[in-house]
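**Q** Just so it is clear, I am handing over protein-v7.txt, which has compact mmCIF, C-alpha atoms.
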```
# COMPACT_ATOMS: atom_id res chain seq x y z
CA MET A 70 66.56 -13.07 -87.78
CA ARG A 71 65.92 -9.73 -86.11
CA GLU A 72 62.99 -7.74 -87.45
CA SER A 73 63.92 -4.49 -89.15
CA ILE A 74 62.24 -1.23 -88.16
CA LEU A 75 62.52 2.12 -89.95
CA VAL A 76 62.40 5.18 -87.70
CA THR A 77 61.76 8.52 -89.40
CA GLY A 78 63.00 11.54 -87.49
CA GLY A 79 65.19 9.28 -85.38
CA ALA A 80 67.80 11.99 -84.80
CA GLY A 81 65.28 14.18 -82.98
CA TYR A 82 64.40 14.33 -79.31
CA ILE A 83 61.78 11.59 -79.08
CA GLY A 84 62.95 9.61 -82.10
CA SER A 85 66.49 9.19 -80.76
CA HIS A 86 65.16 7.75 -77.50
CA MET A 87 63.00 5.38 -79.55
CA VAL A 88 65.95 4.19 -81.65
CA LEU A 89 67.86 3.35 -78.50
CA MET A 90 64.95 1.47 -76.96
CA LEU A 91 64.29 -0.54 -80.12
CA ALA A 92 67.93 -1.58 -80.33
CA GLU A 93 67.93 -2.58 -76.66
CA HIS A 94 64.92 -4.81 -77.40
CA GLY A 95 66.69 -6.62 -80.22
CA PHE A 96 65.37 -4.88 -83.32
CA ASP A 97 67.46 -4.01 -86.36
CA VAL A 98 66.94 -0.24 -86.58
CA VAL A 99 67.40 2.12 -89.51
CA THR A 100 66.99 5.87 -88.97
CA ILE A 101 66.19 8.40 -91.68
CA ASP A 102 66.40 12.08 -90.75
CA ASN A 103 67.13 15.25 -92.74
CA LEU A 104 68.96 16.73 -89.72
CA SER A 105 67.12 20.04 -90.05
CA ARG A 106 66.21 19.80 -86.37
CA GLY A 107 67.98 16.62 -85.25
CA PHE A 108 71.54 15.54 -84.43
CA GLN A 109 73.22 12.54 -86.02
CA ASP A 110 75.32 11.86 -82.92
CA ALA A 111 72.07 11.40 -80.95
CA VAL A 112 71.43 8.21 -82.95
CA LEU A 113 73.20 5.70 -80.73
CA ALA A 114 72.25 2.49 -82.51
CA GLY A 115 71.59 1.00 -85.92
CA GLU A 116 72.12 2.49 -89.36
CA PHE A 117 71.68 6.18 -90.13
CA VAL A 118 70.56 7.62 -93.47
CA ALA A 119 70.51 11.37 -94.13
CA GLY A 120 67.41 12.04 -96.19
CA ASP A 121 64.14 13.92 -96.46
CA LEU A 122 60.68 12.37 -96.69
CA THR A 123 59.87 14.65 -99.61
CA ASP A 124 62.59 12.84 -101.62
CA ALA A 125 60.95 9.77 -103.19
CA ALA A 126 64.29 8.43 -104.46
CA VAL A 127 65.80 8.35 -100.97
CA LEU A 128 62.69 6.66 -99.55
CA ASN A 129 62.80 4.00 -102.28
CA GLU A 130 66.48 3.36 -101.60
CA VAL A 131 66.00 3.03 -97.84
CA LEU A 132 62.83 0.93 -97.94
CA GLY A 133 64.33 -1.26 -100.65
CA SER A 134 67.44 -1.98 -98.58
CA ARG A 135 65.74 -4.72 -96.54
CA GLN A 136 62.30 -6.02 -95.61
CA PHE A 137 60.96 -3.78 -92.89
CA ALA A 138 58.36 -5.06 -90.47
CA ALA A 139 57.13 -1.56 -89.62
CA VAL A 140 57.81 2.16 -89.76
CA LEU A 141 57.76 4.38 -86.68
CA HIS A 142 57.03 7.85 -88.04
CA PHE A 143 58.33 10.72 -85.89
CA ALA A 144 59.63 13.07 -88.59
CA ALA A 145 57.77 16.38 -88.39
CA LEU A 146 58.13 20.07 -87.75
CA ALA A 147 56.57 20.76 -84.37
CA TYR A 148 56.64 24.43 -83.42
CA VAL A 149 53.16 25.91 -83.02
CA GLY A 150 54.23 29.52 -83.48
CA GLU A 151 56.33 28.70 -86.52
CA SER A 152 53.41 26.82 -88.06
CA ILE A 153 51.21 29.92 -87.71
CA ALA A 154 53.83 32.09 -89.42
CA HIS A 155 54.84 29.53 -92.05
CA PRO A 156 51.97 27.09 -92.67
CA ASP A 157 53.43 26.13 -96.05
CA LEU A 158 56.42 24.53 -94.32
CA TYR A 159 54.17 22.45 -92.10
CA TYR A 160 51.82 21.18 -94.76
CA ARG A 161 54.71 20.38 -97.09
CA ASN A 162 56.87 18.66 -94.49
CA ASN A 163 54.32 17.04 -92.17
CA LEU A 164 51.52 16.19 -94.61
CA LEU A 165 53.18 15.72 -98.00
CA GLY A 166 56.22 14.07 -96.44
CA SER A 167 53.93 11.59 -94.68
CA ILE A 168 52.04 10.80 -97.89
CA ASN A 169 55.34 10.20 -99.70
CA LEU A 170 56.37 7.86 -96.91
CA LEU A 171 53.12 5.89 -96.99
CA ASP A 172 53.28 5.56 -100.77
CA ALA A 173 56.87 4.29 -100.54
CA MET A 174 55.79 1.81 -97.87
CA ARG A 175 53.10 0.49 -100.23
CA ARG A 176 55.61 0.08 -103.05
CA HIS A 177 57.87 -1.98 -100.81
CA GLY A 178 55.22 -4.03 -99.03
CA VAL A 179 55.50 -2.47 -95.56
CA GLU A 180 52.08 -2.74 -93.94
CA ASN A 181 52.57 -1.41 -90.39
CA CYS A 182 52.96 2.19 -89.24
CA ILE A 183 53.14 3.80 -85.79
CA PHE A 184 52.38 7.50 -86.12
CA SER A 185 53.58 10.14 -83.69
CA SER A 186 50.60 12.47 -83.35
CA THR A 187 49.70 15.13 -80.82
CA CYS A 188 47.09 16.49 -78.47
CA SER A 189 47.16 19.62 -80.66
CA THR A 190 44.69 17.82 -82.93
CA PHE A 191 42.01 18.42 -80.28
CA GLY A 192 42.27 22.22 -80.22
CA GLU A 193 40.47 24.02 -77.38
CA PRO A 194 39.31 21.23 -75.04
CA LEU A 195 35.60 20.81 -74.43
CA TYR A 196 36.38 18.80 -71.32
CA VAL A 197 39.36 17.46 -69.40
CA PRO A 198 40.85 14.98 -69.12
CA ILE A 199 40.81 14.52 -72.89
CA ASP A 200 40.08 10.98 -74.07
CA GLU A 201 40.30 9.49 -77.56
CA ALA A 202 36.63 10.30 -78.26
CA HIS A 203 37.10 14.03 -77.70
CA PRO A 204 36.20 16.00 -80.87
CA GLN A 205 39.16 17.13 -82.94
CA HIS A 206 39.17 20.80 -83.93
CA PRO A 207 42.83 21.77 -84.32
CA ILE A 208 43.42 25.52 -84.22
CA THR A 209 46.98 25.76 -85.61
CA PRO A 210 48.60 24.59 -88.85
CA TYR A 211 50.78 22.24 -86.79
CA GLY A 212 47.75 20.58 -85.22
CA ARG A 213 45.89 20.51 -88.53
CA SER A 214 48.86 18.93 -90.33
CA LYS A 215 48.94 16.10 -87.80
CA TRP A 216 45.15 15.71 -87.92
CA MET A 217 45.31 15.47 -91.71
CA VAL A 218 47.89 12.68 -91.53
CA GLU A 219 45.56 10.83 -89.16
CA GLN A 220 42.81 11.04 -91.82
CA VAL A 221 45.20 9.83 -94.51
CA LEU A 222 46.17 6.84 -92.36
CA ALA A 223 42.51 5.96 -91.84
CA ASP A 224 41.77 6.17 -95.57
CA TYR A 225 44.86 4.18 -96.54
CA GLY A 226 43.79 1.59 -94.02
CA SER A 227 40.26 1.30 -95.35
CA ALA A 228 41.17 1.24 -99.02
CA LEU A 229 44.71 -0.15 -99.13
CA GLY A 230 45.09 -2.36 -96.06
CA LEU A 231 47.66 -0.28 -94.20
CA LYS A 232 47.70 -1.02 -90.46
CA SER A 233 48.47 1.88 -88.15
CA ILE A 234 48.43 2.86 -84.52
CA ILE A 235 48.18 6.58 -83.89
CA LEU A 236 49.66 7.82 -80.62
CA ARG A 237 48.48 11.28 -79.59
CA TYR A 238 50.68 12.52 -76.82
CA PHE A 239 50.72 15.48 -74.58
CA ASN A 240 53.87 17.32 -73.44
CA ALA A 241 56.96 15.17 -73.84
CA ALA A 242 59.58 15.88 -71.20
CA GLY A 243 62.56 14.39 -69.42
CA ALA A 244 65.64 12.63 -70.73
CA ASP A 245 67.13 9.16 -70.83
CA PRO A 246 67.36 8.08 -67.15
CA ALA A 247 70.92 6.87 -67.79
CA GLY A 248 71.87 10.32 -69.09
CA ARG A 249 72.92 9.15 -72.56
CA ILE A 250 70.63 11.42 -74.62
CA GLY A 251 68.13 14.19 -74.06
CA ASN A 252 66.46 17.21 -75.57
CA ARG A 253 68.83 19.30 -77.72
CA SER A 254 66.18 21.01 -79.84
CA VAL A 255 67.18 24.33 -81.40
CA PRO A 256 65.28 26.54 -81.09
CA GLN A 257 63.92 25.15 -77.85
CA SER A 258 60.15 25.40 -77.38
CA ARG A 259 59.37 22.98 -74.54
CA LEU A 260 58.80 24.57 -71.15
CA ILE A 261 60.78 22.26 -68.89
CA PRO A 262 64.10 22.45 -70.79
CA LEU A 263 63.64 26.23 -71.12
CA VAL A 264 63.20 26.46 -67.35
CA ILE A 265 66.22 24.23 -66.77
CA GLN A 266 68.34 26.31 -69.17
CA ALA A 267 67.38 29.42 -67.20
CA ALA A 268 68.56 27.62 -64.05
CA SER A 269 71.90 26.67 -65.62
CA GLY A 270 72.49 30.13 -67.06
CA ARG A 271 72.32 29.10 -70.70
CA ASN A 272 69.22 31.29 -70.98
CA PRO A 273 68.89 34.63 -69.16
CA HIS A 274 65.31 33.91 -68.09
CA VAL A 275 62.20 31.87 -68.79
CA SER A 276 59.13 33.58 -70.26
CA VAL A 277 55.67 33.01 -68.80
CA PHE A 278 53.04 33.72 -71.43
CA GLY A 279 49.94 34.81 -69.58
CA ARG A 280 49.02 34.84 -65.89
CA ASP A 281 45.33 35.52 -66.39
CA TYR A 282 44.05 32.07 -67.32
CA ALA A 283 41.15 30.48 -65.46
CA THR A 284 43.50 28.20 -63.51
CA PRO A 285 44.41 28.16 -59.80
CA ASP A 286 47.55 30.29 -60.24
CA GLY A 287 46.63 31.97 -63.53
CA THR A 288 49.22 30.14 -65.65
CA CYS A 289 48.58 27.45 -68.26
CA ILE A 290 48.19 23.85 -67.14
CA ARG A 291 49.79 21.05 -69.12
CA ASP A 292 50.23 17.29 -68.85
CA TYR A 293 53.89 16.19 -68.89
CA ILE A 294 54.82 12.67 -69.95
CA HIS A 295 58.36 11.32 -69.71
CA VAL A 296 60.02 10.60 -73.06
CA THR A 297 61.02 7.09 -71.92
CA ASP A 298 57.41 6.30 -71.04
CA LEU A 299 56.34 7.61 -74.45
CA CYS A 300 58.82 5.34 -76.18
CA HIS A 301 57.69 2.35 -74.13
CA ALA A 302 54.13 2.94 -75.38
CA HIS A 303 55.43 3.02 -78.96
CA LEU A 304 57.21 -0.27 -78.36
CA LEU A 305 54.03 -1.88 -77.00
CA ALA A 306 52.04 -0.52 -79.94
CA LEU A 307 54.61 -1.93 -82.36
CA LEU A 308 54.39 -5.36 -80.78
CA ARG A 309 50.61 -5.28 -81.09
CA LEU A 310 50.79 -4.39 -84.78
CA LEU A 311 53.30 -7.17 -85.39
CA GLU A 312 50.78 -9.53 -83.80
CA ARG A 313 48.27 -8.31 -86.44
CA ALA A 314 46.17 -6.19 -84.10
CA PRO A 315 43.71 -3.81 -85.81
CA SER A 316 44.42 -0.14 -86.39
CA THR A 317 43.54 2.14 -83.50
CA THR A 318 44.42 5.34 -81.65
CA TYR A 319 45.68 5.99 -78.11
CA ASN A 320 46.27 9.09 -76.03
CA LEU A 321 49.53 9.11 -74.08
CA SER A 322 49.64 11.27 -70.98
CA SER A 323 50.32 11.24 -67.27
CA GLY A 324 46.77 12.34 -66.48
CA GLN A 325 48.17 15.00 -64.15
CA GLY A 326 47.81 18.71 -64.83
CA VAL A 327 50.73 20.91 -63.81
CA SER A 328 50.85 24.70 -64.16
CA VAL A 329 53.72 26.70 -65.63
CA GLN A 330 54.36 28.27 -62.23
CA GLU A 331 54.45 24.85 -60.57
CA VAL A 332 57.12 23.70 -63.06
CA ILE A 333 59.23 26.75 -62.25
CA SER A 334 58.85 26.25 -58.49
CA VAL A 335 59.75 22.55 -58.60
CA ALA A 336 62.71 23.26 -60.89
CA GLU A 337 64.03 25.79 -58.36
CA GLU A 338 63.80 23.11 -55.66
CA ILE A 339 65.52 20.43 -57.78
CA THR A 340 68.33 22.64 -59.06
CA GLY A 341 68.77 24.72 -55.92
CA ARG A 342 68.97 27.82 -58.10
CA PRO A 343 66.70 30.82 -58.62
CA ILE A 344 65.05 30.95 -62.04
CA PRO A 345 64.60 34.45 -63.52
CA VAL A 346 61.12 34.92 -64.98
CA VAL A 347 59.81 37.47 -67.47
CA ASP A 348 56.04 37.73 -67.87
CA GLY A 349 54.52 38.18 -71.30
CA PRO A 350 51.11 38.17 -72.97
CA ARG A 351 49.19 35.06 -73.89
CA ARG A 352 50.26 33.29 -77.07
CA LEU A 353 47.88 32.50 -79.90
CA GLY A 354 46.81 28.85 -79.80
CA ASP A 355 47.51 28.23 -76.10
CA PRO A 356 44.52 26.62 -74.33
CA ALA A 357 44.25 27.24 -70.59
CA ALA A 358 44.50 23.54 -69.73
CA LEU A 359 45.42 20.36 -71.59
CA VAL A 360 45.27 17.16 -69.56
CA GLY A 361 44.99 13.73 -71.13
CA ASP A 362 43.18 10.50 -70.35
CA SER A 363 45.37 7.53 -71.26
CA ARG A 364 43.40 4.78 -69.52
CA ARG A 365 42.75 3.08 -72.84
CA ALA A 366 46.48 2.70 -73.54
CA VAL A 367 46.96 1.35 -70.02
CA SER A 368 44.20 -1.23 -70.36
CA GLU A 369 44.76 -2.34 -73.97
CA LEU A 370 48.53 -2.00 -74.38
CA GLY A 371 49.42 -2.85 -70.81
CA TRP A 372 51.28 0.47 -70.65
CA GLU A 373 52.59 1.38 -67.20
CA PRO A 374 54.30 4.80 -67.12
CA LYS A 375 57.20 4.77 -64.66
CA TYR A 376 58.25 8.40 -64.52
CA CYS A 377 55.05 10.41 -64.06
CA ASP A 378 56.30 12.37 -61.07
CA LEU A 379 57.21 15.94 -62.06
CA ARG A 380 60.23 15.96 -59.75
CA THR A 381 61.66 12.89 -61.49
CA ILE A 382 61.08 14.39 -64.94
CA ILE A 383 62.78 17.64 -63.97
CA ALA A 384 65.64 15.80 -62.24
CA HIS A 385 66.36 13.86 -65.45
CA GLU A 386 66.25 17.12 -67.45
CA TRP A 387 68.66 18.73 -64.96
CA THR A 388 71.12 15.83 -65.21
CA TRP A 389 71.04 16.13 -69.00
CA GLU A 390 71.46 19.92 -68.87
CA GLN A 391 74.52 19.55 -66.65
CA HIS A 392 75.97 17.12 -69.20
CA LEU A 393 75.35 19.62 -72.00
CA CYS A 394 76.93 22.43 -70.02
CA ARG A 395 80.05 20.33 -69.40
CA SER A 396 80.28 19.46 -73.09
CA LEU A 397 79.96 23.16 -73.95
CA GLU A 398 82.46 24.02 -71.19
CA LEU A 399 79.99 26.38 -69.52
```
Please express the file's structure as structure tokens.

**A**
Amino acid sequence: MRESILVTGGAGYIGSHMVLMLAEHGFDVVTIDNLSRGFQDAVLAGEFVAGDLTDAAVLNEVLGSRQFAAVLHFAALAYVGESIAHPDLYYRNNLLGSINLLDAMRRHGVENCIFSSTCSTFGEPLYVPIDEAHPQHPITPYGRSKWMVEQVLADYGSALGLKSIILRYFNAAGADPAGRIGNRSVPQSRLIPLVIQAASGRNPHVSVFGRDYATPDGTCIRDYIHVTDLCHAHLLALLRLLERAPSTTYNLSSGQGVSVQEVISVAEEITGRPIPVVDGPRRLGDPAALVGDSRRAVSELGWEPKYCDLRTIIAHEWTWEQHLCRSLEL
């Protein structure tokens, strides 16, 4: 019998790639998503349930439908600026929704959870690359909401026996290498798709927020990790939990810092098109550089990222963008 896995937020960008990967590895997958930011037609495998994690009745119905071996928890609001303007939304959705989920898991005897966390829990880096031991001082409600869920998972583990693996990742990017799914987030906040949309003409320009950072070209430096590589790490973490490995935390990153200007320049090369740029002031909550250290995930999970090269990531984004433009008849 195939093991059943519940994926929360499985209609979103990363979650939909995870659903597809789980199905391709023989798991019985159920997705729950409230579709506030996701797309049901992005869920290409398994069963789909429209529902919100703040609805205990829906969670009881879903978790009672079969015996789940684990939950992969992606459902969250994830816009830094929005979290600063509307912290209530983030604490209600990200924190309270997660607690509701964990309580429902307890009621139905589900002991394993993979949690999608973020490098935003670290705040302003004290050093780079950032490893798992780096102090956590999140500076936005988004980062704090994720950090709080990490604390809840630790406490539920100590007191109630819940097993969890927390995966803190840096900037997710790219699309399914086969071109089946990709990033359709609305509004779009990730740099690479915004740059690609400026190349295709779907956006008039890309904004660069700050050129006065203490970096080689003055623009922010970030660590981009391909969404397929992220999902592969989740799969490896799931297999470890199913083998009764202890709870732990891993950073997921490429370990390579790339500036905003470098992304724009490479995207112009890949697409063969000029990308209009509008410069703006720095944004609140944007550190100058965020680069991760994922050696622990490599050594303990056996994780081997395949798509770390920026050109490959941008090429996959461009293929997906061309697909979207054709579907929109642009």

**Q** Could you give me, as a list of chain:residue names, the residues that have an atom at most 8 Å away from the point (51.9, 24.1, -63.5) in the coordinates of the file, using all atoms listed in the file?

**A**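 Protein, DNA and RNA residues close to (51.9, 24.1, -63.5): A:Thr288, A:Cys289, A:Ile290, A:Arg291, A:Gly326, A:Val327, A:Ser328, A:Val329, A:Gln330, A:Glu331, A:Val332, A:Ile333.
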
**Q** Could you produce a table of the residues of stretch 106-156 of chain A lying within 9 Å of stretch 238-254 of chain A, with the nearest pair of atoms per residue and their separation in Å rounded to one decimal, using all atoms listed in the file, ordered by chain and increasing residue number, as CSV?

**A**
```
residue,atom,partner,partner_atom,distance
A:Arg106,CA,A:Ser254,CA,6.6
A:Gly107,CA,A:Ser254,CA,7.2
A:Phe108,CA,A:Arg253,CA,8.2
A:Ala111,CA,A:Ile250,CA,6.5
A:Val112,CA,A:Ile250,CA,9.0
A:Leu113,CA,A:Ile250,CA,8.8
```

**Q** I'd like the interatomic distance between atom CA of A:Gly354 and atom CA of A:Asn162, to a tenth of an Å.

**A**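 About the pair atom CA of A:Gly354 and atom CA of A:Asn162: they are 20.5 Å apart.
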
**Q** Just to confirm, what's the straight-line distance from atom CA of A:Asn103 to atom CA of A:Asp121 in Å (one decimal)?

**A**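 Here the two named atoms are 5.0 Å from each other.
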
**Q** Skip stretch 192-195 of chain A itself and residues of its chain fewer than 4 positions away, then list as a list in words all residues within 6 Å of it, counting all atoms listed in the file.

**A** His206, Pro207, Ile208 and Pro356 of chain A

**Q** One decimal, Å: what's the distance from atom CA of A:Ala119 over to atom CA of A:Tyr148, could you say?

**A**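 Taking atom CA of A:Ala119 as the start and atom CA of A:Tyr148 as the end point, the length is 21.9 Å.
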
**Q** With stretch 295-300 of chain A as the partner and 12 Å as the cut-off, tabulate the residues of stretch 148-194 of chain A that qualify, each row holding the nearest pair of atoms and their distance in Å to one decimal, using all atoms listed in the file, sorted by chain and rising number, as JSON lines.

**A**
```
{"residue": "A:Ile183", "atom": "CA", "partner": "A:Cys300", "partner_atom": "CA", "distance": 11.3}
{"residue": "A:Ser185", "atom": "CA", "partner": "A:Leu299", "partner_atom": "CA", "distance": 10.0}
{"residue": "A:Ser186", "atom": "CA", "partner": "A:Leu299", "partner_atom": "CA", "distance": 11.7}
{"residue": "A:Thr187", "atom": "CA", "partner": "A:Leu299", "partner_atom": "CA", "distance": 11.9}
```

**Q** List every protein, DNA or RNA residue that has at least one atom no more than 12 Å from (49.4, -2.8, -79.5) in the file's coordinates, counting all atoms listed in the file, and write the result as a PyMOL selection string.

**A** chain A and resi 181-183+232-236+301-319+365-372

**Q** Would you write out those residues with C-alpha atoms, as a PDB file, keeping the file's coordinate frame?

**A**
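Final output, saved to part17.pdb:
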```
ATOM      1  CA  ASN A 181      52.570  -1.410 -90.390  1.00  0.00           C
ATOM      2  CA  CYS A 182      52.960   2.190 -89.240  1.00  0.00           C
ATOM      3  CA  ILE A 183      53.140   3.800 -85.790  1.00  0.00           C
ATOM      4  CA  LYS A 232      47.700  -1.020 -90.460  1.00  0.00           C
ATOM      5  CA  SER A 233      48.470   1.880 -88.150  1.00  0.00           C
ATOM      6  CA  ILE A 234      48.430   2.860 -84.520  1.00  0.00           C
ATOM      7  CA  ILE A 235      48.180   6.580 -83.890  1.00  0.00           C
ATOM      8  CA  LEU A 236      49.660   7.820 -80.620  1.00  0.00           C
ATOM      9  CA  HIS A 301      57.690   2.350 -74.130  1.00  0.00           C
ATOM     10  CA  ALA A 302      54.130   2.940 -75.380  1.00  0.00           C
ATOM     11  CA  HIS A 303      55.430   3.020 -78.960  1.00  0.00           C
ATOM     12  CA  LEU A 304      57.210  -0.270 -78.360  1.00  0.00           C
ATOM     13  CA  LEU A 305      54.030  -1.880 -77.000  1.00  0.00           C
ATOM     14  CA  ALA A 306      52.040  -0.520 -79.940  1.00  0.00           C
ATOM     15  CA  LEU A 307      54.610  -1.930 -82.360  1.00  0.00           C
ATOM     16  CA  LEU A 308      54.390  -5.360 -80.780  1.00  0.00           C
ATOM     17  CA  ARG A 309      50.610  -5.280 -81.090  1.00  0.00           C
ATOM     18  CA  LEU A 310      50.790  -4.390 -84.780  1.00  0.00           C
ATOM     19  CA  LEU A 311      53.300  -7.170 -85.390  1.00  0.00           C
ATOM     20  CA  GLU A 312      50.780  -9.530 -83.800  1.00  0.00           C
ATOM     21  CA  ARG A 313      48.270  -8.310 -86.440  1.00  0.00           C
ATOM     22  CA  ALA A 314      46.170  -6.190 -84.100  1.00  0.00           C
ATOM     23  CA  PRO A 315      43.710  -3.810 -85.810  1.00  0.00           C
ATOM     24  CA  SER A 316      44.420  -0.140 -86.390  1.00  0.00           C
ATOM     25  CA  THR A 317      43.540   2.140 -83.500  1.00  0.00           C
ATOM     26  CA  THR A 318      44.420   5.340 -81.650  1.00  0.00           C
ATOM     27  CA  TYR A 319      45.680   5.990 -78.110  1.00  0.00           C
ATOM     28  CA  ARG A 365      42.750   3.080 -72.840  1.00  0.00           C
ATOM     29  CA  ALA A 366      46.480   2.700 -73.540  1.00  0.00           C
ATOM     30  CA  VAL A 367      46.960   1.350 -70.020  1.00  0.00           C
ATOM     31  CA  SER A 368      44.200  -1.230 -70.360  1.00  0.00           C
ATOM     32  CA  GLU A 369      44.760  -2.340 -73.970  1.00  0.00           C
ATOM     33  CA  LEU A 370      48.530  -2.000 -74.380  1.00  0.00           C
ATOM     34  CA  GLY A 371      49.420  -2.850 -70.810  1.00  0.00           C
ATOM     35  CA  TRP A 372      51.280   0.470 -70.650  1.00  0.00           C
TER      36      TRP A 372
END
```

**Q** I need the residue nearest A:Trp387 from this list: A:Leu104, A:Ala268, A:Ala202, A:Val127. Use all atoms listed in the file for the distance.

**A**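 With all atoms listed in the file as the atom set, the closest residue is A:Ala268.
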
**Q** Restricting the calculation to only C-alpha atoms, which member of A:Ala125, A:Leu222, A:Ala283, A:Val264 is positioned closest to A:Val347?

**A**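 Smallest distance to A:Val347 is found for A:Val264.
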
**Q** Residues at most 6 Å from A:Ser322, counting all atoms listed in the file, excluding those fewer than 6 positions away in the same chain, as a count of residues only?

**A** 4

**Q** So that I can check the surroundings of A:Gln220, please list as a VMD selection string every protein, DNA and RNA residue that reaches within 12 Å of it, counting all atoms listed in the file and ignoring chain neighbours fewer than 3 positions away.

**A** chain A and resid 164 167 to 168 184 186 190 205 213 to 217 223 to 227 233 235 318

**Q** Taking all atoms listed in the file into account, which of A:Leu75, A:Leu141, A:Val88, A:Val335 comes nearest A:Asp378?

**A** A:Val335
